[in-house]
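Structure data (compact mmCIF, C-alpha atoms) from final_34.txt:
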# COMPACT_ATOMS: atom_id res chain seq x y z
CA ILE I 1 -83.59 -23.14 77.98
CA ALA I 2 -83.41 -26.21 75.75
CA ARG I 3 -86.95 -27.31 76.60
CA PHE I 4 -88.65 -23.96 75.97
CA THR I 5 -86.53 -22.58 73.12
CA GLY I 6 -84.95 -25.59 71.46
CA ALA I 7 -81.58 -23.89 71.79
CA SER I 8 -78.53 -25.59 73.17
CA PHE I 9 -76.48 -23.81 75.80
CA VAL I 10 -73.14 -23.95 77.56
CA VAL I 11 -72.35 -22.69 81.06
CA LEU I 12 -68.88 -21.13 81.32
CA GLY I 13 -67.65 -21.17 84.89
CA ASP I 14 -64.27 -19.60 84.26
CA VAL I 15 -63.34 -15.95 84.12
CA THR I 16 -61.04 -13.97 81.87
CA TYR I 17 -59.41 -11.57 84.34
CA GLY I 18 -61.90 -11.24 87.17
CA ALA I 19 -65.47 -12.28 87.93
CA CYS I 20 -66.75 -9.08 86.33
CA CYS I 21 -65.15 -9.72 82.92
CA VAL I 22 -67.35 -10.91 80.10
CA ASP I 23 -65.69 -13.88 78.38
CA ASP I 24 -66.81 -12.98 74.88
CA LEU I 25 -63.78 -14.60 73.21
CA THR I 26 -64.47 -18.04 74.66
CA ALA I 27 -68.19 -17.68 73.95
CA ARG I 28 -67.44 -16.91 70.31
CA ALA I 29 -64.78 -19.63 70.12
CA ILE I 30 -67.38 -22.27 70.96
CA GLY I 31 -69.85 -20.79 68.46
CA SER I 32 -72.21 -18.94 70.78
CA ASP I 33 -74.84 -16.65 69.29
CA TYR I 34 -75.79 -15.00 72.57
CA LEU I 35 -74.03 -14.43 75.89
CA VAL I 36 -75.76 -14.11 79.26
CA HIS I 37 -73.45 -12.67 81.93
CA TYR I 38 -74.78 -13.39 85.43
CA GLY I 39 -73.33 -11.31 88.25
CA HIS I 40 -71.57 -8.00 88.58
CA SER I 41 -69.76 -6.57 85.60
CA CYS I 42 -67.52 -3.68 84.71
CA LEU I 43 -69.81 -3.23 81.66
CA VAL I 44 -67.09 -2.88 79.05
CA PRO I 45 -69.13 -2.31 75.89
CA VAL I 46 -69.18 -5.49 73.80
CA ASN I 47 -68.67 -3.45 70.64
CA VAL I 48 -65.22 -2.65 72.05
CA THR I 49 -64.22 -6.11 73.26
CA ASN I 50 -65.58 -8.02 70.28
CA ASN I 51 -63.94 -5.86 67.64
CA ASN I 52 -60.46 -6.00 69.11
CA ALA I 53 -58.79 -7.63 66.09
CA ALA I 54 -55.47 -8.32 67.84
CA SER I 55 -57.12 -10.14 70.75
CA VAL I 56 -59.40 -12.11 68.44
CA SER I 57 -56.49 -13.10 66.21
CA ALA I 58 -54.25 -14.18 69.10
CA PHE I 59 -57.06 -16.11 70.76
CA THR I 60 -58.06 -17.80 67.48
CA ASP I 61 -54.48 -18.86 66.80
CA ALA I 62 -54.08 -20.30 70.30
CA VAL I 63 -57.36 -22.21 70.27
CA GLU I 64 -57.04 -23.45 66.69
CA GLY I 65 -53.43 -24.45 67.40
CA ALA I 66 -54.68 -26.65 70.21
CA GLY I 67 -57.13 -28.30 67.81
CA ALA I 68 -60.13 -27.17 69.84
CA LEU I 69 -61.91 -25.18 67.16
CA ASP I 70 -63.86 -26.50 64.20
CA ASN I 71 -64.91 -23.06 62.94
CA PRO I 72 -62.92 -19.81 63.02
CA ILE I 73 -64.12 -17.20 65.48
CA GLN I 74 -66.59 -14.76 64.01
CA THR I 75 -65.68 -11.10 64.42
CA ALA I 76 -69.31 -9.95 64.46
CA LEU I 77 -70.73 -8.56 67.68
CA LEU I 78 -71.92 -11.09 70.22
CA ARG I 79 -75.27 -10.11 71.67
CA THR I 80 -74.99 -9.90 75.46
CA LEU I 81 -77.51 -9.78 78.29
CA TYR I 82 -76.28 -8.65 81.71
CA ILE I 83 -78.10 -10.02 84.76
CA PHE I 84 -77.05 -8.22 87.93
CA VAL I 85 -77.14 -9.63 91.42
CA GLU I 86 -77.98 -7.74 94.59
CA ILE I 87 -77.20 -9.10 98.02
CA ALA I 88 -79.62 -7.70 100.57
CA ILE I 89 -78.09 -6.93 103.94
CA ASP I 90 -79.54 -5.23 106.97
CA ALA I 91 -78.64 -1.61 106.18
CA ASP I 92 -80.18 -0.45 109.46
CA HIS I 93 -77.73 -2.69 111.32
CA LEU I 94 -74.82 -1.29 109.25
CA ILE I 95 -75.97 2.27 110.06
CA GLY I 96 -76.18 1.39 113.77
CA CYS I 97 -72.70 -0.17 113.75
CA ILE I 98 -71.15 2.89 112.10
CA GLN I 99 -72.90 5.23 114.52
CA ALA I 100 -71.83 3.12 117.52
CA ASN I 101 -68.19 2.87 116.43
CA PHE I 102 -67.59 6.27 114.85
CA GLY I 103 -70.40 8.46 116.21
CA ALA I 104 -67.99 10.47 118.35
CA GLN I 105 -66.12 11.41 115.17
CA ARG I 106 -69.04 12.84 113.16
CA THR I 107 -66.94 15.69 111.74
CA ALA I 108 -64.04 13.42 110.65
CA PRO I 109 -63.99 12.17 107.04
CA LEU I 110 -66.08 9.03 106.50
CA THR I 111 -65.89 7.22 103.14
CA LEU I 112 -68.39 4.49 102.16
CA MET I 113 -67.59 2.02 99.38
CA GLY I 114 -68.40 -1.55 98.45
CA THR I 115 -68.90 -4.06 95.68
CA ILE I 116 -71.86 -3.58 93.34
CA GLN I 117 -73.90 -6.33 94.99
CA PHE I 118 -74.23 -4.06 98.05
CA ALA I 119 -74.75 -0.72 96.28
CA ASP I 120 -78.30 -0.23 97.56
CA ALA I 121 -77.22 -0.77 101.18
CA VAL I 122 -74.25 1.60 100.77
CA HIS I 123 -76.46 4.36 99.34
CA LYS I 124 -79.17 3.86 102.00
CA THR I 125 -76.48 4.02 104.68
CA ALA I 126 -74.95 7.19 103.22
CA ALA I 127 -78.35 8.89 103.05
CA ALA I 128 -79.18 7.98 106.65
CA LEU I 129 -75.80 9.04 108.05
CA SER I 130 -75.77 12.40 106.27
CA THR I 131 -79.17 13.50 107.59
CA GLY I 132 -80.99 13.50 110.91
CA GLU I 133 -80.31 15.11 114.28
CA SER I 134 -76.60 14.38 114.38
CA PRO I 135 -75.32 13.77 110.81
CA PHE I 136 -71.81 12.88 109.69
CA THR I 137 -70.67 16.18 108.16
CA ASP I 138 -67.86 14.91 105.89
CA LEU I 139 -69.31 11.80 104.26
CA LEU I 140 -68.12 10.71 100.81
CA VAL I 141 -69.38 8.02 98.43
CA PRO I 142 -66.66 8.17 95.74
CA GLN I 143 -67.00 7.18 92.09
CA ALA I 144 -64.55 5.98 89.44
CA LYS I 145 -66.40 6.24 86.12
CA PRO I 146 -67.82 4.25 84.40
CA LEU I 147 -68.68 2.52 87.69
CA SER I 148 -71.56 3.55 89.92
CA PRO I 149 -70.86 5.71 92.98
CA ALA I 150 -69.34 3.58 95.81
CA GLU I 151 -68.70 0.63 93.46
CA THR I 152 -65.36 -1.12 93.57
CA LEU I 153 -64.13 -3.89 91.29
CA GLY I 154 -60.80 -5.64 91.37
CA CYS I 155 -59.67 -3.69 88.33
CA THR I 156 -61.43 -0.36 88.85
CA SER I 157 -61.91 1.71 91.96
CA PRO I 158 -61.83 5.27 93.16
CA ARG I 159 -58.28 5.86 94.38
CA LEU I 160 -58.11 7.24 97.88
CA VAL I 161 -54.82 8.71 99.04
CA THR I 162 -53.76 10.19 102.35
CA ALA I 163 -54.95 13.79 102.54
CA SER I 164 -52.23 16.44 102.63
CA THR I 165 -52.77 19.98 103.82
CA GLY I 166 -52.71 22.64 101.13
CA ALA I 167 -51.83 26.31 101.56
CA ASP I 168 -55.48 27.10 102.28
CA GLY I 169 -55.61 24.44 105.01
CA GLY I 170 -57.85 22.13 102.98
CA ALA I 171 -57.18 18.79 101.33
CA GLU I 172 -55.39 18.91 97.98
CA GLU I 173 -56.79 17.32 94.85
CA GLY I 174 -54.80 14.30 93.74
CA LYS I 175 -53.69 13.31 90.25
CA GLY I 176 -55.57 11.03 87.86
CA GLY I 177 -58.86 10.73 89.70
CA GLU I 178 -57.30 10.38 93.14
CA VAL I 179 -59.27 11.67 96.09
CA ALA I 180 -57.18 13.02 98.95
CA ARG I 181 -58.92 11.49 101.93
CA GLY I 182 -58.12 10.55 105.51
CA GLY I 183 -60.46 9.40 108.26
CA VAL I 184 -62.51 6.20 108.24
CA LEU I 185 -63.21 3.94 105.26
CA VAL I 186 -66.16 1.55 105.54
CA PHE I 187 -66.09 -1.08 102.79
CA VAL I 188 -69.11 -3.37 102.31
CA ALA I 189 -68.35 -6.63 100.51
CA ASP I 190 -68.68 -10.38 100.74

Exercise: express the given structure as structure tokens:
Amino acid sequence: IARFTGASFVVLGDVTYGACCVDDLTARAIGSDYLVHYGHSCLVPVNVTNNNAASVSAFTDAVEGAGALDNPIQTALLRTLYIFVEIAIDADHLIGCIQANFGAQRTAPLTLMGTIQFADAVHKTAAALSTGESPFTDLLVPQAKPLSPAETLGCTSPRLVTASTGADGGAEEGKGGEVARGGVLVFVAD
């Protein structure tokens, strides 16, 4: 970066709450003009995080109080580039393992979830298991917006609760985005 652009750069290796959180406050505290976030992210809009006056004020006071800041933190938006990471796994092997272990239960609920790095494999697996000669008939790839279907982060996830039988014999809807679900949960992560 320095050689081709003349810009100086800092690599932050810490996290705010989890690996998906963009550390815009620290980036601004050290005078950054641009933030590159490498890895998965919950994609909280930077116009929300950067304009949170209470957080900026508390962080500024703490850092300035420690004598670590020459300039006060700017409250302007920090331009951010997200670079996502995908971990390729053998989805055909995953499909084969699920069929071998749960193939006799093709009508039982099957839920597929994972971290964002494995989203492509989860979706390929879901597509393969829900079609063909002998498909799984109750397959779910849940979603908790704003995340992608099947994506789980430490702070955000579809909430699966034990299914209870309603008056009509079917599963009841849960509260607050809960999905009443029993059966098998396959979670793909590292």

query = What is the CA of Leu139 in chain I-CA of Met113 in chain I distance in Å, reported with one decimal?
reply = 11.1 Å

query = Expressed in Å to a single decimal, how great is the separation between CA of Ala119 in chain I and CA of Ile98 in chain I?
reply =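 Computing the Euclidean distance for CA of Ala119 in chain I and CA of Ile98 in chain I yields 16.6 Å.
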
inquiry  = Which residue is closest to Pro149 in chain I? Choose from I:Val161, I:Val122, I:Ala2, I:Leu129 and count all atoms listed in the file.
reply    =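 Checking each of I:Val161, I:Val122, I:Ala2, I:Leu129 against Pro149 in chain I, counting all atoms listed in the file, the winner is I:Val122.
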
task = Please provide the set of residues having any atom within 12 Å of Ala126 in chain I, restricted to all atoms listed in the file, with same-chain residues fewer than 5 positions apart removed, written as a list in words.
result =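 The residues satisfying every condition are Ala91, Asp92, Leu94, Ile95, Ile98, Gln99, Leu110, Thr111, Leu112, Met113, Gly114, Ala119, Asp120, Ala121, Thr131, Gly132, Pro135, Phe136, Thr137, Asp138, Leu139, Leu140, Val141, Pro142, Pro149, Ala150 and Val186 of chain I.
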
task = Considering only C-alpha atoms, state which residue in the set I:Arg181, I:Ile116, I:Ser134, I:Val10 is at the smallest distance from Thr152 in chain I.
result =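 Of I:Arg181, I:Ile116, I:Ser134, I:Val10, the one nearest Thr152 in chain I, counting only C-alpha atoms, is I:Ile116.
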
request  = Name the closest residue to His123 in chain I among the candidates I:Cys21, I:Leu35, I:Leu12, I:Val188; distances are taken between atoms, counting all atoms listed in the file.
outcome  =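 Among the listed residues, the smallest separation from His123 in chain I belongs to I:Val188.
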
request  = Using only C-alpha atoms, find the one residue out of I:Leu160, I:Tyr38, I:Gly96, I:Leu153 that sits nearest to Gly183 in chain I.
outcome  = I:Leu160

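Going from CA of His40 in chain I to CA of Phe84 in chain I covers 5.5 Å.
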